[in-house]
file structure-v9.cif (mmCIF, C-alpha atoms)
data_structure
loop_
_atom_site.label_atom_id
_atom_site.label_comp_id
_atom_site.auth_asym_id
_atom_site.auth_seq_id
_atom_site.Cartn_x
_atom_site.Cartn_y
_atom_site.Cartn_z
CA MET U 6 0.00 0.00 0.00
CA LYS U 7 1.15 3.41 -0.95
CA THR U 8 0.96 6.25 1.43
CA PHE U 9 0.69 9.90 0.45
CA PRO U 10 2.19 12.68 2.44
CA HIS U 11 -0.27 15.12 4.11
CA LYS U 12 -0.73 18.35 2.20
CA ILE U 13 -0.83 21.52 4.32
CA LEU U 14 -3.50 24.08 3.25
CA ARG U 15 -1.92 27.45 2.98
CA ILE U 16 -4.02 30.64 2.73
CA SER U 17 -2.52 33.45 0.85
CA PRO U 18 -2.16 36.79 2.68
CA LEU U 19 -3.75 38.48 -0.32
CA LEU U 20 -6.87 36.38 0.13
CA ILE U 21 -7.10 37.31 3.79
CA ALA U 22 -6.84 41.02 2.98
CA SER U 23 -9.54 40.71 0.35
CA GLY U 24 -11.94 39.05 2.80
CA LEU U 25 -11.39 41.75 5.40
CA CYS U 26 -12.17 44.45 2.84
CA VAL U 27 -15.43 42.74 1.86
CA LEU U 28 -16.44 42.42 5.53
CA LEU U 29 -15.70 46.04 6.32
CA TYR U 30 -17.58 47.21 3.22
CA SER U 31 -20.65 45.21 4.24
CA CYS U 32 -20.62 46.70 7.72
CA GLY U 33 -20.17 50.17 6.29
CA SER U 34 -23.12 49.69 3.94
CA LYS U 35 -25.38 48.66 6.79
CA SER U 36 -24.28 51.68 8.86
CA ALA U 37 -24.89 54.05 5.96
CA GLY U 38 -28.37 52.59 5.47
CA GLY U 39 -29.17 53.17 9.12
CA ASP U 40 -27.95 56.75 8.94
CA ASP U 41 -30.18 57.41 5.92
CA GLU U 42 -33.16 56.02 7.77
CA ASP U 43 -32.41 58.21 10.81
CA ALA U 44 -32.04 61.28 8.58
CA LYS U 45 -35.38 60.52 6.96
CA VAL U 46 -37.11 60.35 10.36
CA ALA U 47 -35.32 63.50 11.58
CA SER U 48 -36.54 65.48 8.50
CA GLN U 49 -40.18 65.15 9.59
CA THR U 50 -41.48 68.32 11.28
CA PRO U 51 -43.40 67.69 14.52
CA VAL U 52 -46.91 69.17 14.27
CA THR U 53 -50.31 69.09 15.94
CA VAL U 54 -53.57 68.95 14.04
CA THR U 55 -57.15 70.09 14.50
CA ALA U 56 -60.47 69.80 12.69
CA VAL U 57 -63.01 72.38 11.50
CA SER U 58 -66.03 73.06 13.66
CA ASP U 59 -69.48 74.58 13.14
CA SER U 60 -69.91 77.75 15.15
CA THR U 61 -71.58 81.15 15.19
CA MET U 62 -69.26 83.88 14.00
CA VAL U 63 -69.98 87.50 14.91
CA ASP U 64 -68.20 90.54 13.50
CA TYR U 65 -68.41 93.44 15.93
CA ILE U 66 -66.73 96.64 17.04
CA ASP U 67 -66.34 97.92 20.62
CA LEU U 68 -66.79 101.64 21.32
CA ASN U 69 -66.67 103.71 24.50
CA ALA U 70 -69.91 105.07 25.97
CA THR U 71 -69.95 107.54 28.88
CA SER U 72 -72.87 107.92 31.27
CA THR U 73 -74.32 111.42 31.52
CA THR U 74 -77.48 113.34 32.37
CA LEU U 75 -78.66 115.40 29.42
CA GLN U 76 -81.19 117.52 31.33
CA LYS U 77 -79.95 119.66 34.22
CA ASN U 78 -82.18 122.08 36.13
CA PHE U 79 -80.68 125.10 37.87
CA VAL U 80 -82.11 126.14 41.24
CA LYS U 81 -81.87 129.93 41.61
CA SER U 82 -82.67 132.42 44.32
CA ASN U 83 -85.86 134.44 43.82
CA ALA U 84 -84.84 137.23 46.18
CA THR U 85 -81.81 139.05 47.51
CA GLY U 86 -81.10 138.09 51.08
CA TYR U 87 -79.71 135.45 53.40
CA ILE U 88 -80.22 131.68 53.23
CA GLU U 89 -82.09 130.91 56.42
CA ARG U 90 -82.35 127.17 55.82
CA ALA U 91 -80.85 124.72 53.34
CA ASP U 92 -82.39 121.22 53.41
CA VAL U 93 -79.99 119.83 50.80
CA GLN U 94 -77.08 117.44 50.53
CA LEU U 95 -74.91 116.63 47.55
CA GLY U 96 -76.24 113.57 45.72
CA GLN U 97 -79.61 113.77 47.49
CA ASN U 98 -82.67 112.64 45.51
CA VAL U 99 -85.36 115.31 45.42
CA SER U 100 -88.92 115.48 44.09
CA LYS U 101 -90.54 118.18 42.03
CA GLY U 102 -91.99 120.86 44.34
CA GLN U 103 -89.84 119.88 47.35
CA VAL U 104 -88.57 122.83 49.41
CA LEU U 105 -84.79 123.06 49.10
CA PHE U 106 -83.86 126.52 50.40
CA THR U 107 -85.46 129.21 52.54
CA VAL U 108 -84.25 132.77 51.79
CA LYS U 109 -84.98 135.70 54.08
CA THR U 110 -84.82 139.04 52.33
CA LYS U 111 -82.30 141.61 53.48
CA GLU U 112 -85.14 144.08 54.21
CA SER U 113 -86.76 141.58 56.56
CA GLN U 114 -83.39 140.89 58.12
CA THR U 115 -82.93 144.61 58.73
CA ILE U 116 -86.31 145.75 60.03
CA GLY U 117 -87.33 142.51 61.70
CA ASN U 118 -90.96 142.41 62.83
CA THR U 119 -91.40 146.20 62.93
CA ILE U 120 -93.95 146.15 60.11
CA ASN U 121 -96.02 143.43 61.78
CA VAL U 122 -96.04 145.43 65.02
CA LEU U 123 -97.30 148.49 63.18
CA ASP U 124 -99.89 146.54 61.21
CA THR U 125 -100.83 143.07 62.43
CA SER U 126 -102.97 142.39 59.36
CA PHE U 127 -100.02 142.78 57.00
CA LYS U 128 -98.36 139.49 58.05
CA PHE U 129 -95.02 140.31 56.54
CA SER U 130 -92.28 137.66 57.03
CA GLY U 131 -89.85 138.35 54.22
CA VAL U 132 -89.16 134.60 53.89
CA ASN U 133 -89.17 132.93 50.43
CA ARG U 134 -89.24 129.18 49.93
CA ILE U 135 -87.34 127.89 46.90
CA ARG U 136 -88.63 124.58 45.54
CA ALA U 137 -87.24 121.96 43.15
CA SER U 138 -88.42 122.55 39.60
CA ALA U 139 -87.95 118.86 38.62
CA SER U 140 -87.25 115.47 40.14
CA GLY U 141 -83.69 114.17 40.19
CA TYR U 142 -80.61 114.31 42.33
CA LEU U 143 -78.50 117.25 43.46
CA SER U 144 -75.29 117.14 41.42
CA ALA U 145 -74.01 120.52 42.65
CA ILE U 146 -74.68 122.84 45.60
CA SER U 147 -73.35 126.39 45.54
CA HIS U 148 -74.54 127.84 48.88
CA GLN U 149 -75.33 126.80 52.43
CA THR U 150 -77.19 128.22 55.41
CA GLY U 151 -76.16 131.81 56.26
CA ASP U 152 -74.85 132.74 52.80
CA TYR U 153 -75.86 136.05 51.28
CA VAL U 154 -77.24 135.60 47.77
CA GLN U 155 -78.42 137.87 45.00
CA ASP U 156 -81.71 137.60 43.18
CA GLY U 157 -81.29 135.05 40.36
CA GLU U 158 -78.06 133.58 41.76
CA GLN U 159 -77.55 129.83 41.27
CA LEU U 160 -77.99 127.78 44.44
CA ALA U 161 -77.87 124.19 43.19
CA ILE U 162 -78.15 121.93 40.12
CA ILE U 163 -80.67 119.10 39.81
CA SER U 164 -79.77 116.34 37.37
CA ASP U 165 -82.92 114.84 35.86
CA ARG U 166 -82.83 111.04 36.25
CA SER U 167 -85.25 110.56 33.38
CA SER U 168 -82.65 112.01 30.98
CA PHE U 169 -79.87 109.66 32.10
CA VAL U 170 -78.20 107.99 29.08
CA PHE U 171 -74.90 106.58 27.88
CA LEU U 172 -73.43 108.79 25.18
CA MET U 173 -71.52 106.70 22.62
CA GLN U 174 -69.17 108.33 20.10
CA LEU U 175 -69.84 106.51 16.81
CA PRO U 176 -67.49 106.94 13.81
CA TYR U 177 -69.72 108.31 11.08
CA GLU U 178 -68.70 105.62 8.57
CA LEU U 179 -70.21 103.00 10.92
CA LYS U 180 -73.61 104.68 11.19
CA GLN U 181 -75.16 102.09 8.87
CA TYR U 182 -74.76 99.48 11.61
CA VAL U 183 -76.73 101.42 14.26
CA LYS U 184 -80.50 102.01 14.07
CA ILE U 185 -83.02 103.67 16.36
CA GLY U 186 -84.51 101.07 18.72
CA GLN U 187 -81.59 98.65 18.26
CA ASN U 188 -80.32 96.81 21.35
CA VAL U 189 -76.67 97.28 22.34
CA ASP U 190 -74.72 95.36 24.99
CA LEU U 191 -72.92 97.53 27.53
CA THR U 192 -70.07 96.12 29.63
CA MET U 193 -69.32 98.09 32.79
CA PRO U 194 -65.96 98.24 34.56
CA GLY U 195 -65.80 95.02 36.54
CA GLY U 196 -67.60 92.97 33.90
CA THR U 197 -71.25 93.75 34.68
CA LYS U 198 -73.33 93.69 31.51
CA VAL U 199 -76.40 95.81 30.79
CA THR U 200 -78.62 95.96 27.72
CA ALA U 201 -79.29 99.41 26.29
CA THR U 202 -81.52 100.71 23.50
CA VAL U 203 -80.48 103.25 20.88
CA LYS U 204 -82.62 106.28 21.67
CA SER U 205 -81.48 109.01 19.28
CA PHE U 206 -78.56 110.55 17.41
CA MET U 207 -77.01 113.88 18.34
CA PRO U 208 -77.55 116.51 15.62
CA SER U 209 -73.85 117.28 15.05
CA VAL U 210 -70.56 115.52 14.29
CA ASP U 211 -67.24 116.25 15.99
CA THR U 212 -65.04 118.21 13.59
CA VAL U 213 -61.75 116.50 14.49
CA SER U 214 -62.72 112.88 15.14
CA GLN U 215 -65.72 112.77 12.77
CA THR U 216 -67.77 110.91 15.37
CA GLN U 217 -71.45 111.36 16.12
CA GLY U 218 -72.94 111.08 19.58
CA VAL U 219 -75.52 108.31 20.05
CA GLN U 220 -77.82 108.22 23.07
CA LEU U 221 -78.16 104.75 24.64
CA LYS U 222 -80.92 104.25 27.21
CA ALA U 223 -79.86 101.62 29.75
CA ASN U 224 -82.56 99.04 30.47
CA THR U 225 -81.87 98.67 34.19
CA SER U 226 -83.25 99.96 37.46
CA GLN U 227 -79.89 100.18 39.20
CA GLU U 228 -78.47 103.64 39.80
CA ILE U 229 -75.41 104.23 37.63
CA PRO U 230 -73.16 107.21 38.40
CA GLU U 231 -72.35 109.89 35.86
CA ASN U 232 -69.10 109.90 33.88
CA LEU U 233 -68.81 106.09 33.98
CA THR U 234 -67.18 104.73 30.83
CA ALA U 235 -68.63 101.45 29.55
CA ARG U 236 -67.83 99.39 26.46
CA ALA U 237 -70.62 99.26 23.87
CA ARG U 238 -70.55 96.38 21.38
CA ILE U 239 -71.93 97.08 17.90
CA VAL U 240 -72.65 93.95 15.82
CA LYS U 241 -71.72 94.44 12.15
CA SER U 242 -72.63 90.95 10.90
CA ALA U 243 -73.27 87.44 12.22
CA ASN U 244 -73.21 83.99 10.59
CA THR U 245 -74.58 80.85 12.23
CA ASN U 246 -73.51 77.24 11.64
CA THR U 247 -70.44 78.25 9.67
CA ILE U 248 -67.08 76.46 9.39
CA SER U 249 -64.20 77.93 11.38
CA LEU U 250 -60.60 77.17 12.32
CA PRO U 251 -58.25 78.51 14.99
CA LYS U 252 -56.30 81.58 13.87
CA ALA U 253 -53.03 79.69 14.31
CA ALA U 254 -54.08 77.24 11.58
CA VAL U 255 -54.38 79.95 8.90
CA LEU U 256 -51.18 81.27 7.32
CA ALA U 257 -50.73 84.38 5.15
CA ASN U 258 -48.16 86.09 2.98
CA GLU U 259 -46.41 89.32 3.96
CA THR U 260 -49.03 91.56 2.33
CA GLN U 261 -51.96 89.65 3.86
CA THR U 262 -53.45 89.05 0.40
CA GLU U 263 -53.14 85.26 0.22
CA PHE U 264 -54.20 82.78 2.88
CA TRP U 265 -53.73 79.02 3.17
CA VAL U 266 -53.73 76.06 5.53
CA MET U 267 -51.64 72.90 5.67
CA LYS U 268 -53.90 69.86 5.27
CA MET U 269 -52.86 66.28 5.99
CA ILE U 270 -53.37 63.88 3.05
CA ASN U 271 -51.81 60.90 4.85
CA PRO U 272 -50.22 60.30 8.26
CA THR U 273 -46.88 61.89 7.22
CA THR U 274 -47.61 64.34 4.36
CA ALA U 275 -49.20 67.80 4.42
CA ILE U 276 -50.19 69.88 1.39
CA LYS U 277 -50.82 73.59 0.98
CA VAL U 278 -54.51 74.48 0.45
CA PRO U 279 -55.50 78.10 -0.37
CA VAL U 280 -58.51 79.35 1.62
CA THR U 281 -60.87 82.33 1.61
CA GLU U 282 -61.37 84.00 4.99
CA GLY U 283 -64.61 85.31 6.43
CA ILE U 284 -65.39 86.78 9.84
CA GLN U 285 -62.70 86.82 12.51
CA SER U 286 -64.07 86.49 16.03
CA GLY U 287 -61.92 85.93 19.08
CA ASP U 288 -59.34 83.24 18.31
CA ARG U 289 -61.23 81.72 15.35
CA ILE U 290 -61.54 82.51 11.64
CA GLU U 291 -64.45 81.67 9.38
CA ILE U 292 -63.47 79.63 6.29
CA LEU U 293 -65.67 80.45 3.30
CA SER U 294 -63.91 78.11 0.87
CA PRO U 295 -63.01 75.35 0.32
CA ARG U 296 -65.59 73.31 2.19
CA PHE U 297 -63.64 71.20 4.67
CA THR U 298 -65.20 68.21 6.37
CA PRO U 299 -64.92 67.23 10.05
CA GLN U 300 -62.66 64.36 8.97
CA ASP U 301 -60.04 66.68 7.45
CA ARG U 302 -56.98 67.19 9.62
CA ILE U 303 -55.52 70.70 9.54
CA ILE U 304 -52.12 71.52 11.06
CA VAL U 305 -52.48 74.06 13.86
CA THR U 306 -48.94 74.20 15.31
CA GLY U 307 -45.64 73.63 13.54
CA ASN U 308 -47.13 74.79 10.22
CA TYR U 309 -45.04 77.96 9.85
CA GLY U 310 -42.53 77.67 7.01
CA LEU U 311 -43.80 74.33 5.71
CA THR U 312 -43.70 73.82 1.95
CA ASP U 313 -46.20 71.98 -0.19
CA THR U 314 -46.12 68.18 0.34
CA ALA U 315 -44.03 68.62 3.49
CA LYS U 316 -43.09 65.62 5.58
CA VAL U 317 -44.47 65.94 9.09
CA LYS U 318 -44.95 63.90 12.21
CA ILE U 319 -48.09 64.30 14.31
CA THR U 320 -47.12 64.55 17.96
CA LYS U 321 -50.60 64.55 19.43
CA PRO U 322 -54.24 64.72 18.21
#
call {"tool": "encode", "arguments": {"input": "structure-v9.cif", "output": "structure tokens"}}
result
Amino acid sequence: MKTFPHKILRISPLLIASGLCVLLYSCGSKSAGGDDEDAKVASQTPVTVTAVSDSTMVDYIDLNATSTTLQKNFVKSNATGYIERADVQLGQNVSKGQVLFTVKTKESQTIGNTINVLDTSFKFSGVNRIRASASGYLSAISHQTGDYVQDGEQLAIISDRSSFVFLMQLPYELKQYVKIGQNVDLTMPGGTKVTATVKSFMPSVDTVSQTQGVQLKANTSQEIPENLTARARIVKSANTNTISLPKAAVLANETQTEFWVMKMINPTTAIKVPVTEGIQSGDRIEILSPRFTPQDRIIVTGNYGLTDTAKVKITKP
């Protein structure tokens, strides 16, 4: 039997180097693929979405209205003399015919009861009673007991409660939105709300501001002080059951001539959709066109700077 010597398998160094290169290349390819996948995920902009809702949109303007009394009655002395009695206090409510002041003439003050002593049938007192000419409250008092007054001198001012109104300064170009008999909401300092009715228009317009005074009669029994400034809301238009979106969802160009929203067409892609705006009320905007459905998802945050067919990632509903 013949025997053969064992052959030793020798691997060439060149072959070993080639194998290492192939292995390193494969690892590098896998790493590059992972990096591309990470870059793709990182390129998605995080956004939040919302849906349209049916709501009532009201277009209004707020104007200042100041409380005032249009009719003021002046209480005047009907004789020259001294005020013997003054039954008045500032802010006091008085009735028509109520005695406010008693004036004793200077002649009576000088001669006293001499005339009555000489002639008991004469019954001269020299005392004049001054009465309120209208009902209201005393908004000013000029004299008190003991003062010397002239005939015709002003003693007090009565503000007529029946002429109490809020005077609203209305820009003349907005007059078409205010009619006689129209109801207007008044908001007082502190948040109290009162309904008022448009009573009349003042017959002149302010030369500088081009505003016209409008008298608003407050429909309340509570006593409101003069010179109180309230906020009157004038409704220009109102639409019910109309589609609206949050203001943050609507984007515009620099000149505010074009408007659009970013609408989701699939879970990761948003497209640019031009829209036509309507009434803006509070933090919502009416969308006149196109007609979105409640199922449409509109980006509300993260939409600034997005291009058409942008890749996004919804972070929360």
call {"tool": "resolve_selection", "arguments": {"input": "structure-v9.cif", "expression": "the PyMOL selection byres ((chain U and resi 269-284) around 7)", "output": "PyMOL selection string"}}
result
chain U and resi 62-64+264-268+285-286+290-295+302-303+313-318
call {"tool": "residues_around", "arguments": {"input": "structure-v9.cif", "residues": "segment 184-193 of chain U", "least_positions_apart": "4", "cutoff": "9 Å", "atoms": "all atoms listed in the file", "output": "number ranges by chain"}}
result
U: 70, 180, 197-206, 221, 223, 233-240
call {"tool": "residues_around", "arguments": {"input": "structure-v9.cif", "residues": "segment 144-158 of chain U", "least_positions_apart": "3", "cutoff": "12 Å", "atoms": "only C-alpha atoms", "output": "ChimeraX atom specification"}}
result
/U:73-74,76-99,105-111,114,133,135,141,161-166,230-231
call {"tool": "write_last_selection", "arguments": {"input": "structure-v9.cif", "atoms": "C-alpha atoms", "output": "compact mmCIF listing (two decimals), in the frame of the given file"}}
result
# COMPACT_ATOMS: atom_id res chain seq x y z
CA THR U 73 -74.32 111.42 31.52
CA THR U 74 -77.48 113.34 32.37
CA GLN U 76 -81.19 117.52 31.33
CA LYS U 77 -79.95 119.66 34.22
CA ASN U 78 -82.18 122.08 36.13
CA PHE U 79 -80.68 125.10 37.87
CA VAL U 80 -82.11 126.14 41.24
CA LYS U 81 -81.87 129.93 41.61
CA SER U 82 -82.67 132.42 44.32
CA ASN U 83 -85.86 134.44 43.82
CA ALA U 84 -84.84 137.23 46.18
CA THR U 85 -81.81 139.05 47.51
CA GLY U 86 -81.10 138.09 51.08
CA TYR U 87 -79.71 135.45 53.40
CA ILE U 88 -80.22 131.68 53.23
CA GLU U 89 -82.09 130.91 56.42
CA ARG U 90 -82.35 127.17 55.82
CA ALA U 91 -80.85 124.72 53.34
CA ASP U 92 -82.39 121.22 53.41
CA VAL U 93 -79.99 119.83 50.80
CA GLN U 94 -77.08 117.44 50.53
CA LEU U 95 -74.91 116.63 47.55
CA GLY U 96 -76.24 113.57 45.72
CA GLN U 97 -79.61 113.77 47.49
CA ASN U 98 -82.67 112.64 45.51
CA VAL U 99 -85.36 115.31 45.42
CA LEU U 105 -84.79 123.06 49.10
CA PHE U 106 -83.86 126.52 50.40
CA THR U 107 -85.46 129.21 52.54
CA VAL U 108 -84.25 132.77 51.79
CA LYS U 109 -84.98 135.70 54.08
CA THR U 110 -84.82 139.04 52.33
CA LYS U 111 -82.30 141.61 53.48
CA GLN U 114 -83.39 140.89 58.12
CA ASN U 133 -89.17 132.93 50.43
CA ILE U 135 -87.34 127.89 46.90
CA GLY U 141 -83.69 114.17 40.19
CA ALA U 161 -77.87 124.19 43.19
CA ILE U 162 -78.15 121.93 40.12
CA ILE U 163 -80.67 119.10 39.81
CA SER U 164 -79.77 116.34 37.37
CA ASP U 165 -82.92 114.84 35.86
CA ARG U 166 -82.83 111.04 36.25
CA PRO U 230 -73.16 107.21 38.40
CA GLU U 231 -72.35 109.89 35.86
call {"tool": "atom_distance", "arguments": {"input": "structure-v9.cif", "atom1": "atom CA of Gln159 of chain U", "atom2": "atom CA of Val104 of chain U"}}
result
15.4 Å
call {"tool": "closest_residue", "arguments": {"input": "structure-v9.cif", "among": "U:Lys222, U:Lys241, U:Lys101, U:Arg136", "to": "Asp67 of chain U", "atoms": "only C-alpha atoms"}}
result
U:Lys241
call {"tool": "closest_residue", "arguments": {"input": "structure-v9.cif", "among": "U:Val170, U:Leu311, U:Leu160, U:Ile304", "to": "Val54 of chain U", "atoms": "all atoms listed in the file"}}
result
U:Ile304
call {"tool": "closest_residue", "arguments": {"input": "structure-v9.cif", "among": "U:Pro208, U:Ala253, U:Glu263, U:Val219", "to": "Gly307 of chain U", "atoms": "all atoms listed in the file"}}
result
U:Ala253
call {"tool": "closest_residue", "arguments": {"input": "structure-v9.cif", "among": "U:Ser72, U:Gln103, U:Ser60, U:Thr262", "to": "Ile229 of chain U", "atoms": "all atoms listed in the file"}}
result
U:Ser72
call {"tool": "closest_residue", "arguments": {"input": "structure-v9.cif", "among": "U:Ile66, U:Ser167, U:Thr312, U:Val305", "to": "Glu228 of chain U", "atoms": "all atoms listed in the file"}}
result
U:Ser167
call {"tool": "atom_distance", "arguments": {"input": "structure-v9.cif", "atom1": "atom CA of Asp211 of chain U", "atom2": "atom CA of Phe171 of chain U"}}
result
17.1 Å
call {"tool": "closest_residue", "arguments": {"input": "structure-v9.cif", "among": "U:Thr298, U:Ser48, U:Gln215, U:Thr55", "to": "Lys321 of chain U", "atoms": "only C-alpha atoms"}}
result
U:Thr55
call {"tool": "atom_distance", "arguments": {"input": "structure-v9.cif", "atom1": "atom CA of Thr245 of chain U", "atom2": "atom CA of Ala56 of chain U"}}
result
17.9 Å
call {"tool": "residues_around", "arguments": {"input": "structure-v9.cif", "residues": "Pro176 of chain U", "least_positions_apart": "2", "cutoff": "10 Å", "atoms": "all atoms listed in the file", "output": "list in words"}}
result
Leu68, Met173, Gln174, Glu178, Leu179, Lys180, Val210, Asp211, Ser214, Gln215, Thr216, Gln217 and Gly218 of chain U
call {"tool": "decode", "arguments": {"input": "structure-v9.cif", "residues": "segment 157-171 of chain U", "atoms": "N, CA and C atoms", "output": "short mmCIF file (atom, residue, chain, number, x, y, z; two decimals), in the first residue's frame"}}
result
data_model
loop_
_atom_site.label_atom_id
_atom_site.label_comp_id
_atom_site.auth_asym_id
_atom_site.auth_seq_id
_atom_site.Cartn_x
_atom_site.Cartn_y
_atom_site.Cartn_z
N GLY U 157 -81.67 135.73 41.59
CA GLY U 157 -81.29 135.05 40.36
C GLY U 157 -79.98 134.28 40.45
N GLU U 158 -79.32 134.30 41.60
CA GLU U 158 -78.06 133.58 41.76
C GLU U 158 -78.30 132.08 41.88
N GLN U 159 -77.41 131.29 41.26
CA GLN U 159 -77.55 129.83 41.27
C GLN U 159 -77.25 129.27 42.65
N LEU U 160 -78.17 128.40 43.14
CA LEU U 160 -77.99 127.78 44.44
C LEU U 160 -77.60 126.31 44.33
N ALA U 161 -78.15 125.62 43.34
CA ALA U 161 -77.87 124.19 43.19
C ALA U 161 -78.23 123.76 41.77
N ILE U 162 -77.83 122.52 41.42
CA ILE U 162 -78.15 121.93 40.12
C ILE U 162 -78.81 120.58 40.37
N ILE U 163 -79.96 120.37 39.73
CA ILE U 163 -80.67 119.10 39.81
C ILE U 163 -80.50 118.37 38.49
N SER U 164 -79.91 117.17 38.56
CA SER U 164 -79.77 116.34 37.37
C SER U 164 -81.01 115.46 37.24
N ASP U 165 -81.66 115.56 36.09
CA ASP U 165 -82.92 114.84 35.86
C ASP U 165 -82.63 113.37 35.56
N ARG U 166 -83.08 112.47 36.43
CA ARG U 166 -82.83 111.04 36.25
C ARG U 166 -83.46 110.50 34.97
N SER U 167 -84.56 111.06 34.56
CA SER U 167 -85.25 110.56 33.38
C SER U 167 -84.45 110.81 32.10
N SER U 168 -83.47 111.71 32.16
CA SER U 168 -82.65 112.01 30.98
C SER U 168 -81.29 111.34 31.05
N PHE U 169 -81.15 110.34 31.95
CA PHE U 169 -79.87 109.66 32.10
C PHE U 169 -79.65 108.71 30.93
N VAL U 170 -78.53 108.84 30.23
CA VAL U 170 -78.20 107.99 29.08
C VAL U 170 -76.70 107.72 29.07
N PHE U 171 -76.31 106.77 28.23
CA PHE U 171 -74.90 106.58 27.88
C PHE U 171 -74.70 107.23 26.51
#
